[in-house]
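Participant: Sharing a structure with you now.
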Amino acid sequence: GSAVDTLAELQAVVTAAANAQAAALAKISAAAEADSATASSPALTDYTAAGVTGVTAANLGAINSALDTAAVNGVAVDTTAEVQALVDAYNAVLTAADGTADGDAGATQAQYGLLGVTGLDTPATSLLNSVVDKSPTTAVDTVPELQALADAAKAVSTGAAGGSAPTQAQLAALGITGVTADNLAAIQQAIAGTADDGSAVDTLAELQAVVTAAA
């Protein structure tokens, strides 16, 4: 305690820590604003200095990928609380993505939004989480990977409502089997014949059942 046994010494330590936190937040915010984050920058030490927990060498690249999305700009991550919310959101995804379909909750629609994933609605979020639940971490450890799955899930909910139907590639990306060029139209029609609110195709099991019946 000899380094903080005077008011001046204690103030110096507090000031240095506050300055380090501000500098780290500025670096994270600047990377988000410029979409210049990489797998290793901002660094783990930057998040630690910013007062953010839950960032590790294993998830750093995933978290940084969120900084490069259009929805995550500098203002969205210029406080410790905002950065922490982003980290918590991605960790919810990565925790669920354990390669086993065991009912992990995944992230909320709002959390996906914090990561810069766009276009989701309630049934699409449910379906996306069903897909994430059975996926390995490596399949969802960048936001572009998540966005592609989100787009596919949204196409299913849109198709259920009578709008644009999911493509063969999108169904395959979700992990649906048994779809071919020959039976795609019948499958799309079957999806369109389910409840307009998407509730009949908002899990992977439900969607696979519809596809299998129509194939």
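Just so we're on the same page: first chain in the structure tokens is A, next is B, and so on; residues restart at 1 for each chain, and ligands are numbered from 1 in the order they show up.
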I'd like the neighbourhood of Gly163 (chain A) as an NGL selection string, where a residue qualifies if any of its atoms comes within 9 Å (using only C-alpha atoms), though same-chain residues fewer than 6 positions away should be ignored.

Facilitator: :A and (155 or 157 or 192)

Participant: Excluding same-chain residues fewer than 6 positions from Ala173 (chain A), what lies within 12 Å of it counting only C-alpha atoms, as a list in words?

Facilitator: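 Here the answer would be Leu128, Val131, Val132, Ser135, Ala139, Val140, Glu145, Leu146, Gln147, Ala148, Leu149, Ala150, Asp151, Ala152, Ala153, Ala155, Val156, Pro166, Thr167, Val179 and Leu204 of chain A.
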
Participant: Go ahead and save the residues from that selection, with all heavy atoms, as a compact mmCIF listing (two decimals), in the first residue's frame.

Facilitator:
```
# COMPACT_ATOMS: atom_id res chain seq x y z
N LEU A 128 -33.39 -18.89 -36.04
CA LEU A 128 -31.94 -18.66 -36.02
C LEU A 128 -31.31 -19.28 -34.78
O LEU A 128 -30.28 -19.95 -34.86
CB LEU A 128 -31.65 -17.16 -36.09
CG LEU A 128 -30.17 -16.75 -35.95
CD1 LEU A 128 -29.32 -17.40 -37.03
CD2 LEU A 128 -30.05 -15.23 -36.02
N VAL A 131 -30.96 -22.93 -35.09
CA VAL A 131 -29.82 -23.29 -35.94
C VAL A 131 -28.50 -23.09 -35.18
O VAL A 131 -27.61 -23.96 -35.23
CB VAL A 131 -29.83 -22.45 -37.23
CG1 VAL A 131 -28.56 -22.70 -38.05
CG2 VAL A 131 -31.07 -22.75 -38.06
N VAL A 132 -28.38 -21.98 -34.49
CA VAL A 132 -27.17 -21.71 -33.71
C VAL A 132 -26.95 -22.79 -32.67
O VAL A 132 -25.83 -23.24 -32.43
CB VAL A 132 -27.26 -20.32 -33.04
CG1 VAL A 132 -26.16 -20.14 -31.99
CG2 VAL A 132 -27.18 -19.21 -34.08
N SER A 135 -25.15 -25.68 -34.05
CA SER A 135 -23.96 -25.35 -34.83
C SER A 135 -22.70 -25.36 -33.98
O SER A 135 -22.74 -25.05 -32.79
CB SER A 135 -24.10 -23.96 -35.46
OG SER A 135 -25.19 -23.90 -36.35
N ALA A 139 -18.95 -21.98 -36.85
CA ALA A 139 -19.92 -21.64 -37.89
C ALA A 139 -20.60 -20.30 -37.66
O ALA A 139 -21.27 -19.77 -38.56
CB ALA A 139 -20.97 -22.74 -37.99
N VAL A 140 -20.42 -19.75 -36.45
CA VAL A 140 -21.13 -18.50 -36.11
C VAL A 140 -20.20 -17.51 -35.41
O VAL A 140 -20.65 -16.65 -34.67
CB VAL A 140 -22.35 -18.79 -35.21
CG1 VAL A 140 -23.42 -19.54 -35.99
CG2 VAL A 140 -21.96 -19.56 -33.96
N GLU A 145 -21.25 -14.45 -40.92
CA GLU A 145 -21.84 -15.80 -40.86
C GLU A 145 -23.23 -15.75 -40.22
O GLU A 145 -24.18 -16.37 -40.72
CB GLU A 145 -20.94 -16.72 -40.05
CG GLU A 145 -19.63 -17.09 -40.74
CD GLU A 145 -18.67 -17.84 -39.84
OE1 GLU A 145 -18.70 -17.62 -38.61
OE2 GLU A 145 -17.88 -18.64 -40.36
N LEU A 146 -23.34 -15.01 -39.13
CA LEU A 146 -24.64 -14.87 -38.47
C LEU A 146 -25.65 -14.18 -39.37
O LEU A 146 -26.83 -14.57 -39.41
CB LEU A 146 -24.49 -14.07 -37.18
CG LEU A 146 -23.94 -14.79 -35.95
CD1 LEU A 146 -23.78 -13.81 -34.80
CD2 LEU A 146 -24.87 -15.93 -35.54
N GLN A 147 -25.21 -13.15 -40.10
CA GLN A 147 -26.13 -12.42 -40.96
C GLN A 147 -26.66 -13.32 -42.07
O GLN A 147 -27.85 -13.24 -42.43
CB GLN A 147 -25.44 -11.20 -41.56
CG GLN A 147 -26.37 -10.30 -42.38
CD GLN A 147 -27.47 -9.68 -41.52
OE1 GLN A 147 -27.19 -8.92 -40.61
NE2 GLN A 147 -28.72 -10.02 -41.80
N ALA A 148 -25.81 -14.16 -42.63
CA ALA A 148 -26.26 -15.07 -43.69
C ALA A 148 -27.33 -16.03 -43.15
O ALA A 148 -28.34 -16.29 -43.82
CB ALA A 148 -25.08 -15.86 -44.24
N LEU A 149 -27.12 -16.53 -41.94
CA LEU A 149 -28.12 -17.41 -41.33
C LEU A 149 -29.39 -16.63 -40.99
O LEU A 149 -30.50 -17.15 -41.14
CB LEU A 149 -27.55 -18.05 -40.07
CG LEU A 149 -26.44 -19.08 -40.27
CD1 LEU A 149 -25.88 -19.53 -38.92
CD2 LEU A 149 -26.94 -20.28 -41.07
N ALA A 150 -29.23 -15.39 -40.54
CA ALA A 150 -30.39 -14.55 -40.23
C ALA A 150 -31.21 -14.27 -41.48
O ALA A 150 -32.45 -14.31 -41.45
CB ALA A 150 -29.94 -13.24 -39.59
N ASP A 151 -30.53 -14.01 -42.58
CA ASP A 151 -31.24 -13.76 -43.85
C ASP A 151 -32.02 -15.00 -44.27
O ASP A 151 -33.16 -14.90 -44.76
CB ASP A 151 -30.24 -13.39 -44.94
CG ASP A 151 -29.61 -12.02 -44.72
OD1 ASP A 151 -30.15 -11.23 -43.92
OD2 ASP A 151 -28.57 -11.74 -45.36
N ALA A 152 -31.41 -16.18 -44.08
CA ALA A 152 -32.09 -17.42 -44.44
C ALA A 152 -33.30 -17.66 -43.54
O ALA A 152 -34.37 -18.06 -44.02
CB ALA A 152 -31.11 -18.59 -44.35
N ALA A 153 -33.13 -17.42 -42.25
CA ALA A 153 -34.24 -17.59 -41.31
C ALA A 153 -35.37 -16.62 -41.61
O ALA A 153 -36.56 -16.99 -41.56
CB ALA A 153 -33.74 -17.41 -39.88
N ALA A 155 -36.05 -15.38 -44.50
CA ALA A 155 -36.70 -15.81 -45.74
C ALA A 155 -37.75 -16.87 -45.46
O ALA A 155 -38.79 -16.92 -46.12
CB ALA A 155 -35.65 -16.35 -46.72
N VAL A 156 -37.50 -17.71 -44.46
CA VAL A 156 -38.49 -18.73 -44.09
C VAL A 156 -39.74 -18.06 -43.52
O VAL A 156 -40.87 -18.39 -43.89
CB VAL A 156 -37.90 -19.73 -43.08
CG1 VAL A 156 -38.99 -20.66 -42.54
CG2 VAL A 156 -36.79 -20.54 -43.72
N PRO A 166 -37.72 -18.93 -49.19
CA PRO A 166 -36.28 -19.24 -49.07
C PRO A 166 -35.79 -20.03 -50.27
O PRO A 166 -36.52 -20.83 -50.85
CB PRO A 166 -36.23 -20.09 -47.79
CG PRO A 166 -37.59 -20.70 -47.68
CD PRO A 166 -38.53 -19.67 -48.20
N THR A 167 -34.55 -19.80 -50.64
CA THR A 167 -33.94 -20.52 -51.75
C THR A 167 -33.42 -21.88 -51.28
O THR A 167 -33.34 -22.15 -50.07
CB THR A 167 -32.77 -19.73 -52.34
OG1 THR A 167 -31.74 -19.63 -51.34
CG2 THR A 167 -33.21 -18.32 -52.75
N VAL A 179 -33.78 -31.15 -49.76
CA VAL A 179 -34.25 -30.15 -50.73
C VAL A 179 -33.46 -30.32 -52.02
O VAL A 179 -32.22 -30.35 -52.01
CB VAL A 179 -34.09 -28.72 -50.19
CG1 VAL A 179 -34.66 -27.72 -51.18
CG2 VAL A 179 -34.74 -28.58 -48.83
N LEU A 204 -35.88 -25.46 -36.09
CA LEU A 204 -35.29 -26.30 -37.13
C LEU A 204 -36.07 -27.60 -37.29
O LEU A 204 -36.30 -28.06 -38.42
CB LEU A 204 -33.83 -26.59 -36.78
CG LEU A 204 -32.92 -27.10 -37.89
CD1 LEU A 204 -32.91 -26.13 -39.06
CD2 LEU A 204 -31.51 -27.30 -37.34
```

Participant: Between A:Gln109, A:Ile28, A:Leu207, A:Asp104, single out the one closest to Glu82 (chain A), counting only C-alpha atoms.

Facilitator: A:Ile28

Participant: Could you work out how far CA of Ala215 (chain A) lies from CA of Thr125 (chain A), giving the answer in Å with one decimal?

Facilitator: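 For CA of Thr125 (chain A) relative to CA of Ala215 (chain A), the distance reads 25.0 Å.
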
Participant: Compile the contact shell of Leu44 (chain A) as a ChimeraX atom specification: residues with an atom at most 7 Å away, counting only C-alpha atoms, same-chain residues fewer than 2 positions apart removed.

Facilitator: /A:42,46-48,55-57,60

Participant: What residues in region 1-125 of chain A get the DSSP label alpha helix (DSSP H)? Please answer as JSON, numbers by chain.

Facilitator: {"A": [7, 8, 9, 10, 11, 12, 13, 14, 15, 16, 17, 18, 19, 20, 21, 22, 23, 24, 25, 26, 27, 28, 29, 30, 31, 32, 33, 34, 44, 45, 46, 47, 48, 49, 60, 61, 62, 63, 64, 65, 66, 67, 80, 81, 82, 83, 84, 85, 86, 87, 88, 89, 90, 91, 92, 93, 94, 95, 96, 109, 110, 111, 112, 113, 114, 122, 123, 124, 125]}

Participant: Using C-alpha atoms, can you export the residues from the last selection as a tab-separated table (two decimals), in the first residue's frame?

Facilitator:
```tsv
chain	number	residue	atom	x	y	z
A	7	LEU	CA	-3.87	11.42	-1.35
A	8	ALA	CA	-1.65	12.56	-4.21
A	9	GLU	CA	-0.50	9.01	-4.94
A	10	LEU	CA	-4.02	7.63	-4.82
A	11	GLN	CA	-5.28	10.39	-7.10
A	12	ALA	CA	-2.51	9.64	-9.57
A	13	VAL	CA	-3.47	5.95	-9.70
A	14	VAL	CA	-7.15	6.77	-10.18
A	15	THR	CA	-6.39	9.32	-12.88
A	16	ALA	CA	-4.12	6.92	-14.75
A	17	ALA	CA	-6.78	4.21	-14.71
A	18	ALA	CA	-9.47	6.62	-15.92
A	19	ASN	CA	-7.22	7.84	-18.72
A	20	ALA	CA	-6.43	4.27	-19.76
A	21	GLN	CA	-10.13	3.41	-19.83
A	22	ALA	CA	-10.95	6.47	-21.91
A	23	ALA	CA	-8.16	5.68	-24.38
A	24	ALA	CA	-9.28	2.08	-24.74
A	25	LEU	CA	-12.90	3.08	-25.32
A	26	ALA	CA	-11.76	5.64	-27.88
A	27	LYS	CA	-9.83	2.92	-29.74
A	28	ILE	CA	-12.82	0.55	-29.76
A	29	SER	CA	-15.18	3.32	-30.83
A	30	ALA	CA	-12.83	4.50	-33.59
A	31	ALA	CA	-12.54	0.96	-34.97
A	32	ALA	CA	-16.33	0.67	-35.07
A	33	GLU	CA	-16.71	4.04	-36.76
A	34	ALA	CA	-14.14	3.23	-39.43
A	44	LEU	CA	-7.84	-8.13	-25.50
A	45	THR	CA	-5.92	-5.63	-23.41
A	46	ASP	CA	-8.02	-2.80	-24.83
A	47	TYR	CA	-11.24	-4.42	-23.66
A	48	THR	CA	-9.71	-5.09	-20.24
A	49	ALA	CA	-8.57	-1.48	-19.94
A	60	LEU	CA	-11.95	-11.70	-29.56
A	61	GLY	CA	-12.23	-12.10	-33.33
A	62	ALA	CA	-15.96	-12.70	-33.15
A	63	ILE	CA	-16.54	-9.63	-31.02
A	64	ASN	CA	-14.35	-7.50	-33.24
A	65	SER	CA	-16.30	-8.63	-36.31
A	66	ALA	CA	-19.34	-6.91	-34.84
A	67	LEU	CA	-17.45	-3.61	-34.82
A	80	THR	CA	-18.16	0.68	-21.14
A	81	ALA	CA	-21.82	-0.33	-20.71
A	82	GLU	CA	-22.41	-0.37	-24.49
A	83	VAL	CA	-19.32	-2.43	-25.21
A	84	GLN	CA	-20.21	-4.81	-22.38
A	85	ALA	CA	-23.69	-5.30	-23.84
A	86	LEU	CA	-22.17	-6.16	-27.22
A	87	VAL	CA	-19.77	-8.65	-25.63
A	88	ASP	CA	-22.56	-10.24	-23.61
A	89	ALA	CA	-24.67	-10.55	-26.76
A	90	TYR	CA	-22.00	-12.39	-28.72
A	91	ASN	CA	-21.21	-14.61	-25.77
A	92	ALA	CA	-24.88	-15.61	-25.68
A	93	VAL	CA	-24.50	-16.79	-29.28
A	94	LEU	CA	-21.20	-18.56	-28.74
A	95	THR	CA	-22.37	-20.30	-25.57
A	96	ALA	CA	-25.36	-21.72	-27.43
A	109	GLN	CA	-33.59	-10.30	-31.12
A	110	ALA	CA	-32.33	-7.15	-29.40
A	111	GLN	CA	-28.94	-8.74	-28.75
A	112	TYR	CA	-28.59	-9.72	-32.39
A	113	GLY	CA	-29.30	-6.08	-33.18
A	114	LEU	CA	-26.46	-5.00	-30.89
A	122	THR	CA	-39.70	-12.97	-33.79
A	123	PRO	CA	-40.08	-16.25	-35.72
A	124	ALA	CA	-36.82	-15.70	-37.60
A	125	THR	CA	-34.99	-15.11	-34.32
```

Participant: Using only C-alpha atoms, find the one residue out of A:Ile187, A:Asp98, A:Ala213, A:Thr203 that sits nearest to Leu174 (chain A).

Facilitator: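 Selected residue with least distance to Leu174 (chain A): A:Thr203.
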
Participant: Check the smallest atom-to-atom distance from each of A:Val211, A:Val77, A:Ala97, A:Ala43 to Thr180 (chain A) using only C-alpha atoms, then report the winner.

Facilitator: A:Val211

Participant: Between CA of Asp102 (chain A) and CA of Gln208 (chain A), measure the distance and give it in Å to one decimal.

Facilitator: 16.6 Å

Participant: Kindly indicate which residue among A:Ala190, A:Leu115, A:Ala107, A:Ala165 lies nearest to Pro144 (chain A), using only C-alpha atoms for the distances.

Facilitator: A:Leu115

Participant: Separation of CA of Gly103 (chain A) and CA of Ser126 (chain A), in Å?

Facilitator: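 Between CA of Gly103 (chain A) and CA of Ser126 (chain A) the gap works out to 11.2 Å.
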
Participant: Counting only C-alpha atoms, which of A:Gln188, A:Thr118, A:Thr138, A:Asn73 gets nearest to Thr212 (chain A)?

Facilitator: A:Gln188

Participant: Using only C-alpha atoms for the distances, tell me which of A:Ala195, A:Gly175, A:Val4, A:Gly116 is nearest to Thr142 (chain A).

Facilitator: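 For Thr142 (chain A), the nearest of the candidates is A:Gly116.
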